[in-house]
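Just entry_11.cif here, mmCIF, C-alpha atoms:
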data_protein
#
loop_
_atom_site.group_PDB
_atom_site.id
_atom_site.type_symbol
_atom_site.label_atom_id
_atom_site.label_comp_id
_atom_site.auth_asym_id
_atom_site.auth_seq_id
_atom_site.Cartn_x
_atom_site.Cartn_y
_atom_site.Cartn_z
ATOM 1 C CA ASP A 353 103.833 88.875 82.171
ATOM 2 C CA ALA A 354 102.847 86.086 84.521
ATOM 3 C CA GLY A 355 99.362 86.122 85.920
ATOM 4 C CA ILE A 356 95.762 85.812 84.927
ATOM 5 C CA THR A 357 94.179 88.057 82.360
ATOM 6 C CA GLN A 358 90.654 88.550 81.088
ATOM 7 C CA SER A 359 89.415 90.074 77.875
ATOM 8 C CA PRO A 360 87.590 92.162 77.081
ATOM 9 C CA ARG A 361 87.465 94.228 80.262
ATOM 10 C CA TYR A 362 84.196 95.859 79.209
ATOM 11 C CA LYS A 363 81.586 94.594 76.783
ATOM 12 C CA ILE A 364 78.192 95.825 75.710
ATOM 13 C CA THR A 365 76.070 93.439 73.680
ATOM 14 C CA GLU A 366 72.468 93.044 72.635
ATOM 15 C CA THR A 367 69.965 90.495 73.801
ATOM 16 C CA GLY A 368 70.214 87.300 71.796
ATOM 17 C CA ARG A 369 73.791 87.742 70.655
ATOM 18 C CA GLN A 370 76.539 85.269 71.397
ATOM 19 C CA VAL A 371 79.473 86.615 73.339
ATOM 20 C CA THR A 372 82.678 84.970 74.536
ATOM 21 C CA LEU A 373 84.711 86.101 77.502
ATOM 22 C CA MET A 374 88.338 85.063 77.487
ATOM 23 C CA CYS A 375 90.531 83.990 80.384
ATOM 24 C CA HIS A 376 94.233 83.216 80.208
ATOM 25 C CA GLN A 377 96.657 82.213 82.969
ATOM 26 C CA THR A 378 100.392 81.719 82.800
ATOM 27 C CA TRP A 379 100.934 79.707 85.990
ATOM 28 C CA SER A 380 99.927 76.321 84.523
ATOM 29 C CA HIS A 381 97.361 75.968 87.293
ATOM 30 C CA SER A 382 95.210 72.869 86.932
ATOM 31 C CA TYR A 383 92.032 74.456 88.204
ATOM 32 C CA MET A 384 90.153 77.303 86.581
ATOM 33 C CA PHE A 385 86.853 78.891 87.518
ATOM 34 C CA TRP A 386 84.267 81.349 86.261
ATOM 35 C CA TYR A 387 82.215 83.447 88.668
ATOM 36 C CA ARG A 388 79.671 86.161 88.288
ATOM 37 C CA GLN A 389 79.344 88.948 90.807
ATOM 38 C CA ASP A 390 76.029 90.670 91.345
ATOM 39 C CA LEU A 391 74.810 93.022 94.056
ATOM 40 C CA GLY A 392 73.127 91.054 96.787
ATOM 41 C CA HIS A 393 74.472 87.724 95.596
ATOM 42 C CA GLY A 394 78.200 87.976 96.131
ATOM 43 C CA LEU A 395 80.202 85.675 93.879
ATOM 44 C CA ARG A 396 78.496 82.685 92.351
ATOM 45 C CA LEU A 397 80.297 79.886 90.547
ATOM 46 C CA ILE A 398 79.230 79.349 86.950
ATOM 47 C CA TYR A 399 81.598 76.617 85.754
ATOM 48 C CA TYR A 400 84.896 75.166 86.788
ATOM 49 C CA SER A 401 87.570 72.968 85.313
ATOM 50 C CA ALA A 402 89.984 70.616 87.072
ATOM 51 C CA ALA A 403 92.204 70.154 84.009
ATOM 52 C CA ALA A 404 92.194 70.489 80.256
ATOM 53 C CA ASP A 405 89.119 68.817 78.755
ATOM 54 C CA ILE A 406 87.505 68.411 82.204
ATOM 55 C CA THR A 407 84.743 70.868 83.066
ATOM 56 C CA ASP A 408 81.781 70.818 85.394
ATOM 57 C CA LYS A 409 78.821 72.960 86.343
ATOM 58 C CA GLY A 410 78.775 75.283 89.283
ATOM 59 C CA GLU A 411 75.879 76.976 91.005
ATOM 60 C CA VAL A 412 74.495 79.010 88.067
ATOM 61 C CA PRO A 413 75.471 77.334 84.747
ATOM 62 C CA ASP A 414 72.300 77.900 82.715
ATOM 63 C CA GLY A 415 72.880 79.956 79.566
ATOM 64 C CA TYR A 416 76.647 79.513 79.648
ATOM 65 C CA VAL A 417 79.064 77.199 77.872
ATOM 66 C CA VAL A 418 82.741 76.592 78.614
ATOM 67 C CA SER A 419 85.583 74.727 77.011
ATOM 68 C CA ARG A 420 89.146 74.036 78.003
ATOM 69 C CA SER A 421 91.267 72.618 75.222
ATOM 70 C CA LYS A 422 94.463 74.098 76.686
ATOM 71 C CA THR A 423 95.489 74.333 80.329
ATOM 72 C CA GLU A 424 96.055 78.072 80.146
ATOM 73 C CA ASN A 425 92.756 79.127 78.538
ATOM 74 C CA PHE A 426 89.204 78.885 79.815
ATOM 75 C CA PRO A 427 86.722 80.811 77.654
ATOM 76 C CA LEU A 428 83.145 81.412 78.771
ATOM 77 C CA THR A 429 80.452 81.740 76.110
ATOM 78 C CA LEU A 430 76.995 83.162 76.507
ATOM 79 C CA GLU A 431 75.132 81.434 73.719
ATOM 80 C CA SER A 432 72.210 83.878 73.545
ATOM 81 C CA ALA A 433 72.737 86.753 75.929
ATOM 82 C CA THR A 434 69.889 87.889 78.175
ATOM 83 C CA ARG A 435 69.573 91.020 80.330
ATOM 84 C CA SER A 436 69.808 88.863 83.443
ATOM 85 C CA GLN A 437 73.359 88.024 82.401
ATOM 86 C CA THR A 438 74.442 91.623 82.850
ATOM 87 C CA SER A 439 77.094 91.229 85.514
ATOM 88 C CA VAL A 440 80.767 91.366 86.333
ATOM 89 C CA TYR A 441 82.497 88.113 85.433
ATOM 90 C CA PHE A 442 85.627 86.910 87.172
ATOM 91 C CA CYS A 443 87.928 84.157 86.115
ATOM 92 C CA ALA A 444 90.186 82.468 88.671
ATOM 93 C CA SER A 445 92.829 79.772 88.682
ATOM 94 C CA GLY A 446 94.434 77.677 91.391
ATOM 95 C CA ARG A 447 96.122 74.501 92.543
ATOM 96 C CA LEU A 448 95.027 71.717 94.861
ATOM 97 C CA SER A 449 95.565 73.945 97.887
ATOM 98 C CA HIS A 450 92.200 75.469 96.975
ATOM 99 C CA GLU A 451 93.702 78.942 96.949
ATOM 100 C CA GLN A 452 92.450 80.843 93.925
ATOM 101 C CA TYR A 453 93.902 83.771 92.048
ATOM 102 C CA PHE A 454 91.476 86.105 90.365
ATOM 103 C CA GLY A 455 91.591 88.031 87.139
ATOM 104 C CA PRO A 456 90.591 91.704 86.917
ATOM 105 C CA GLY A 457 87.065 90.959 85.726
ATOM 106 C CA THR A 458 84.917 91.653 82.675
ATOM 107 C CA ARG A 459 81.989 94.024 83.043
ATOM 108 C CA LEU A 460 79.274 92.798 80.677
ATOM 109 C CA THR A 461 76.158 94.773 79.860
ATOM 110 C CA VAL A 462 73.354 93.179 77.863
ATOM 111 C CA THR A 463 70.927 95.702 76.378
ATOM 112 C CA ALA B 1369 75.957 71.716 102.237
ATOM 113 C CA GLN B 1370 78.554 74.236 103.235
ATOM 114 C CA SER B 1371 77.605 77.847 103.711
ATOM 115 C CA VAL B 1372 79.297 81.045 104.803
ATOM 116 C CA THR B 1373 77.732 83.906 106.697
ATOM 117 C CA GLN B 1374 79.321 87.311 107.016
ATOM 118 C CA LEU B 1375 77.637 89.331 109.723
ATOM 119 C CA GLY B 1376 77.128 92.911 108.624
ATOM 120 C CA SER B 1377 77.103 93.909 104.978
ATOM 121 C CA HIS B 1378 78.599 97.294 105.887
ATOM 122 C CA VAL B 1379 81.083 98.102 108.628
ATOM 123 C CA SER B 1380 82.289 101.621 109.329
ATOM 124 C CA VAL B 1381 85.309 102.444 111.499
ATOM 125 C CA SER B 1382 87.420 105.481 112.145
ATOM 126 C CA GLU B 1383 90.993 105.630 110.942
ATOM 127 C CA GLY B 1384 93.195 104.078 113.618
ATOM 128 C CA ALA B 1385 90.386 102.031 115.136
ATOM 129 C CA LEU B 1386 90.159 98.260 115.364
ATOM 130 C CA VAL B 1387 88.717 96.469 112.360
ATOM 131 C CA LEU B 1388 86.622 93.360 113.037
ATOM 132 C CA LEU B 1389 84.848 91.573 110.203
ATOM 133 C CA ARG B 1390 82.874 88.513 111.161
ATOM 134 C CA CYS B 1391 82.635 85.213 109.322
ATOM 135 C CA ASN B 1392 80.911 82.014 110.370
ATOM 136 C CA TYR B 1393 80.752 78.824 108.399
ATOM 137 C CA SER B 1394 78.438 75.870 108.412
ATOM 138 C CA SER B 1395 80.167 72.563 107.814
ATOM 139 C CA SER B 1396 80.371 69.231 109.617
ATOM 140 C CA VAL B 1397 84.109 69.130 109.012
ATOM 141 C CA PRO B 1398 86.209 72.284 109.360
ATOM 142 C CA PRO B 1399 86.938 73.504 105.859
ATOM 143 C CA TYR B 1400 89.808 75.459 104.403
ATOM 144 C CA LEU B 1401 89.126 79.120 105.191
ATOM 145 C CA PHE B 1402 90.007 82.238 103.257
ATOM 146 C CA TRP B 1403 89.643 85.992 103.338
ATOM 147 C CA TYR B 1404 89.773 87.949 100.114
ATOM 148 C CA VAL B 1405 89.737 91.703 99.551
ATOM 149 C CA GLN B 1406 88.309 93.505 96.543
ATOM 150 C CA TYR B 1407 89.191 97.088 95.807
ATOM 151 C CA PRO B 1408 86.901 99.080 93.493
ATOM 152 C CA ASN B 1409 86.939 97.871 89.899
ATOM 153 C CA GLN B 1410 89.459 95.161 90.652
ATOM 154 C CA GLY B 1411 89.510 91.423 91.092
ATOM 155 C CA LEU B 1412 89.754 89.621 94.419
ATOM 156 C CA GLN B 1413 93.078 89.398 96.198
ATOM 157 C CA LEU B 1414 93.895 86.784 98.809
ATOM 158 C CA LEU B 1415 94.460 88.313 102.253
ATOM 159 C CA LEU B 1416 95.086 85.136 104.201
ATOM 160 C CA LYS B 1417 94.098 81.512 104.512
ATOM 161 C CA TYR B 1418 93.835 78.762 107.095
ATOM 162 C CA THR B 1419 94.491 75.196 106.077
ATOM 163 C CA THR B 1420 96.097 73.526 109.080
ATOM 164 C CA GLY B 1421 98.329 74.225 112.056
ATOM 165 C CA ALA B 1422 98.321 77.469 114.007
ATOM 166 C CA THR B 1423 94.814 78.833 114.308
ATOM 167 C CA LEU B 1424 95.911 82.473 114.268
ATOM 168 C CA VAL B 1425 96.808 83.331 110.720
ATOM 169 C CA LYS B 1426 98.604 86.468 109.631
ATOM 170 C CA GLY B 1427 98.031 87.941 106.224
ATOM 171 C CA ILE B 1428 99.008 90.895 104.130
ATOM 172 C CA ASN B 1429 98.478 94.559 105.039
ATOM 173 C CA GLY B 1430 98.467 93.844 108.787
ATOM 174 C CA PHE B 1431 95.352 91.674 108.783
ATOM 175 C CA GLU B 1432 94.982 88.500 110.756
ATOM 176 C CA ALA B 1433 92.251 85.963 111.415
ATOM 177 C CA GLU B 1434 91.665 83.295 114.000
ATOM 178 C CA PHE B 1435 90.061 79.948 113.337
ATOM 179 C CA LYS B 1436 87.818 78.907 116.222
ATOM 180 C CA LYS B 1437 86.428 75.452 115.683
ATOM 181 C CA SER B 1438 84.089 75.575 118.667
ATOM 182 C CA GLU B 1439 82.482 78.734 117.319
ATOM 183 C CA THR B 1440 82.749 77.772 113.621
ATOM 184 C CA SER B 1441 84.200 81.203 113.049
ATOM 185 C CA PHE B 1442 87.045 82.841 111.158
ATOM 186 C CA HIS B 1443 86.849 86.533 112.004
ATOM 187 C CA LEU B 1444 89.192 89.016 110.355
ATOM 188 C CA THR B 1445 90.889 91.712 112.407
ATOM 189 C CA LYS B 1446 93.332 94.567 112.062
ATOM 190 C CA PRO B 1447 94.457 96.572 115.088
ATOM 191 C CA SER B 1448 94.483 99.958 113.388
ATOM 192 C CA ALA B 1449 92.484 100.824 110.283
ATOM 193 C CA HIS B 1450 94.000 102.814 107.472
ATOM 194 C CA MET B 1451 92.134 104.747 104.825
ATOM 195 C CA SER B 1452 93.537 102.378 102.211
ATOM 196 C CA ASP B 1453 91.713 99.468 103.889
ATOM 197 C CA ALA B 1454 88.389 100.693 102.534
ATOM 198 C CA ALA B 1455 87.228 97.868 100.277
ATOM 199 C CA GLU B 1456 84.922 94.879 100.141
ATOM 200 C CA TYR B 1457 85.967 91.782 102.045
ATOM 201 C CA PHE B 1458 84.876 88.251 101.312
ATOM 202 C CA CYS B 1459 85.131 85.193 103.509
ATOM 203 C CA ALA B 1460 85.257 81.889 101.642
ATOM 204 C CA VAL B 1461 85.454 78.198 102.463
ATOM 205 C CA SER B 1462 86.527 75.098 100.596
ATOM 206 C CA ASP B 1463 85.756 71.495 101.401
ATOM 207 C CA ARG B 1464 88.885 69.653 102.555
ATOM 208 C CA SER B 1465 87.682 66.362 101.146
ATOM 209 C CA SER B 1466 86.835 67.747 97.730
ATOM 210 C CA ASN B 1467 89.135 67.580 94.731
ATOM 211 C CA THR B 1468 87.282 70.293 92.863
ATOM 212 C CA GLY B 1469 88.920 73.289 94.518
ATOM 213 C CA LYS B 1470 85.573 75.065 94.639
ATOM 214 C CA LEU B 1471 85.138 78.037 96.939
ATOM 215 C CA ILE B 1472 81.898 79.036 98.632
ATOM 216 C CA PHE B 1473 81.806 82.780 99.270
ATOM 217 C CA GLY B 1474 80.007 84.846 101.824
ATOM 218 C CA GLN B 1475 77.979 87.847 100.705
ATOM 219 C CA GLY B 1476 80.774 90.261 101.422
ATOM 220 C CA THR B 1477 81.303 93.098 103.891
ATOM 221 C CA THR B 1478 82.019 96.619 102.733
ATOM 222 C CA LEU B 1479 84.493 98.332 105.043
ATOM 223 C CA GLN B 1480 84.309 102.099 105.251
ATOM 224 C CA VAL B 1481 87.136 103.964 106.985
ATOM 225 C CA LYS B 1482 86.352 107.463 108.175
ATOM 226 C CA PRO B 1483 89.074 110.073 108.650
#
Could you quickly redo this structure as structure tokens?
Amino acid sequence: DAGITQSPRYKITETGRQVTLMCHQTWSHSYMFWYRQDLGHGLRLIYYSAAADITDKGEVPDGYVVSRSKTENFPLTLESATRSQTSVYFCASGRLSHEQYFGPGTRLTVT
Amino acid sequence: AQSVTQLGSHVSVSEGALVLLRCNYSSSVPPYLFWYVQYPNQGLQLLLKYTTGATLVKGINGFEAEFKKSETSFHLTKPSAHMSDAAEYFCAVSDRSSNTGKLIFGQGTTLQVKP
């Protein structure tokens, strides 16, 4: 099916573990984004990518790593998870019109 | 730097009443403007957007918004609220001159619709 998907939808991990959140889109959009959503902060941009092999930091990149070897995939890795990274993570994709399409989100809990 | 302010983190209306959600932006050049809706446990869905042309923009589900440059505003309205409109609404802006496609979001407004 066309669209943008995220996996897993729910994840519980322990402090210090590495965890990767997956994002896949079928529209061949150039731009992809990772946000985190926390109460009181709205959505904050973690990383974004303008094309395959081009990534850049957003507002809150510390503790996160991204890669984009293929246009359709944009995984987000937490290298050593901390409790402050407990959040809901949204992936989005879009074209030059700046309109973004969001995935369903991944709810991550770090214990 | 651009910023977005949504006045009122919670808005409560009765079913059938007018919905008005306020959004103001801070930018020297009018940006692209968006409203997104988020239903519980779901991702964000685009309601409408303003890029150029007519300043009154119509979106899905009967919502519309008007860009007012003099007031740096992009308020969202719906003439008659429905129970299904209960959700969180986000205003967002994007720099016209940027090639990054980045969105700056407001803090969100939770709309409650009372029967």
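Distances from A:Ala402, A:Thr463, A:Arg361, A:Arg447 to A:Thr434 were compared using only C-alpha atoms, and the smallest one belongs to A:Thr463.
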Using all atoms listed in the file: which of B:His1378, B:Val1425, B:Ala1455, B:Leu1412 has the shortest distance to A:Ala444: B:Leu1412
Residue hits in chain A, query chain B, radius 10 Å, only C-alpha atoms, as a ChimeraX atom specification: /A:382-385,390-397,399-402,408,410-411,440-459
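In this model, the gap between atom CA of B:His1443 and atom CA of B:Pro1408 comes to 22.4 Å.
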Shell of 6 Å around A:Met374, all atoms listed in the file, local chain residues under 6 positions omitted, as a ChimeraX atom specification: /A:358-359,427
Output for the residues just chosen: C-alpha atoms as a short mmCIF file (atom, residue, chain, number, x, y, z; two decimals), in the frame of the given file:
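The resulting file, out.cif, is reproduced below:
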data_model
loop_
_atom_site.label_atom_id
_atom_site.label_comp_id
_atom_site.auth_asym_id
_atom_site.auth_seq_id
_atom_site.Cartn_x
_atom_site.Cartn_y
_atom_site.Cartn_z
CA GLN A 358 90.65 88.55 81.09
CA SER A 359 89.42 90.07 77.88
CA PRO A 427 86.72 80.81 77.65
#
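For the pair atom CA of A:Val462 and atom CA of A:Cys375, the interatomic distance is 19.6 Å.
Between atom CA of B:Glu1432 and atom CA of B:Ser1396 there is a distance of 24.2 Å.
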The PyMOL selection byres ((chain A and resi 378) around 9) applied to the shown file, residues as a count of residues only: 11
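Distance annotation: of B:Val1372, B:Ala1433, B:Val1405, B:Ile1428, the residue with the minimal separation from B:Thr1478 is B:Val1405; atom set is all atoms listed in the file.
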Residue contacts of A:Tyr416 (9 Å, all atoms listed in the file) excluding same-chain residues fewer than 4 positions away, as a PyMOL selection string: chain A and resi 398-399+412+428-432
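The closest residue to B:Gly1384, picked from B:Gln1370, B:Thr1423, B:Ser1452, B:Ser1441 and counting only C-alpha atoms, is B:Ser1452.
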Quick one: residues within 8 Å of B:Leu1386, only C-alpha atoms counted, chain neighbours fewer than 3 positions away excluded, as an mmCIF file with C-alpha atoms, in the frame of the given file?
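What follows is the written file part-v4.cif:
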data_model
loop_
_atom_site.group_PDB
_atom_site.id
_atom_site.type_symbol
_atom_site.label_atom_id
_atom_site.label_comp_id
_atom_site.auth_asym_id
_atom_site.auth_seq_id
_atom_site.Cartn_x
_atom_site.Cartn_y
_atom_site.Cartn_z
ATOM 1 C CA VAL B 1381 85.309 102.444 111.499
ATOM 2 C CA THR B 1445 90.889 91.712 112.407
ATOM 3 C CA LYS B 1446 93.332 94.567 112.062
ATOM 4 C CA PRO B 1447 94.457 96.572 115.088
ATOM 5 C CA SER B 1448 94.483 99.958 113.388
ATOM 6 C CA ALA B 1449 92.484 100.824 110.283
#
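Counting all atoms listed in the file, the residue from A:Val371, A:Ala403, A:Ile364, A:Leu460 that sits nearest to A:Asn425 is A:Ala403.
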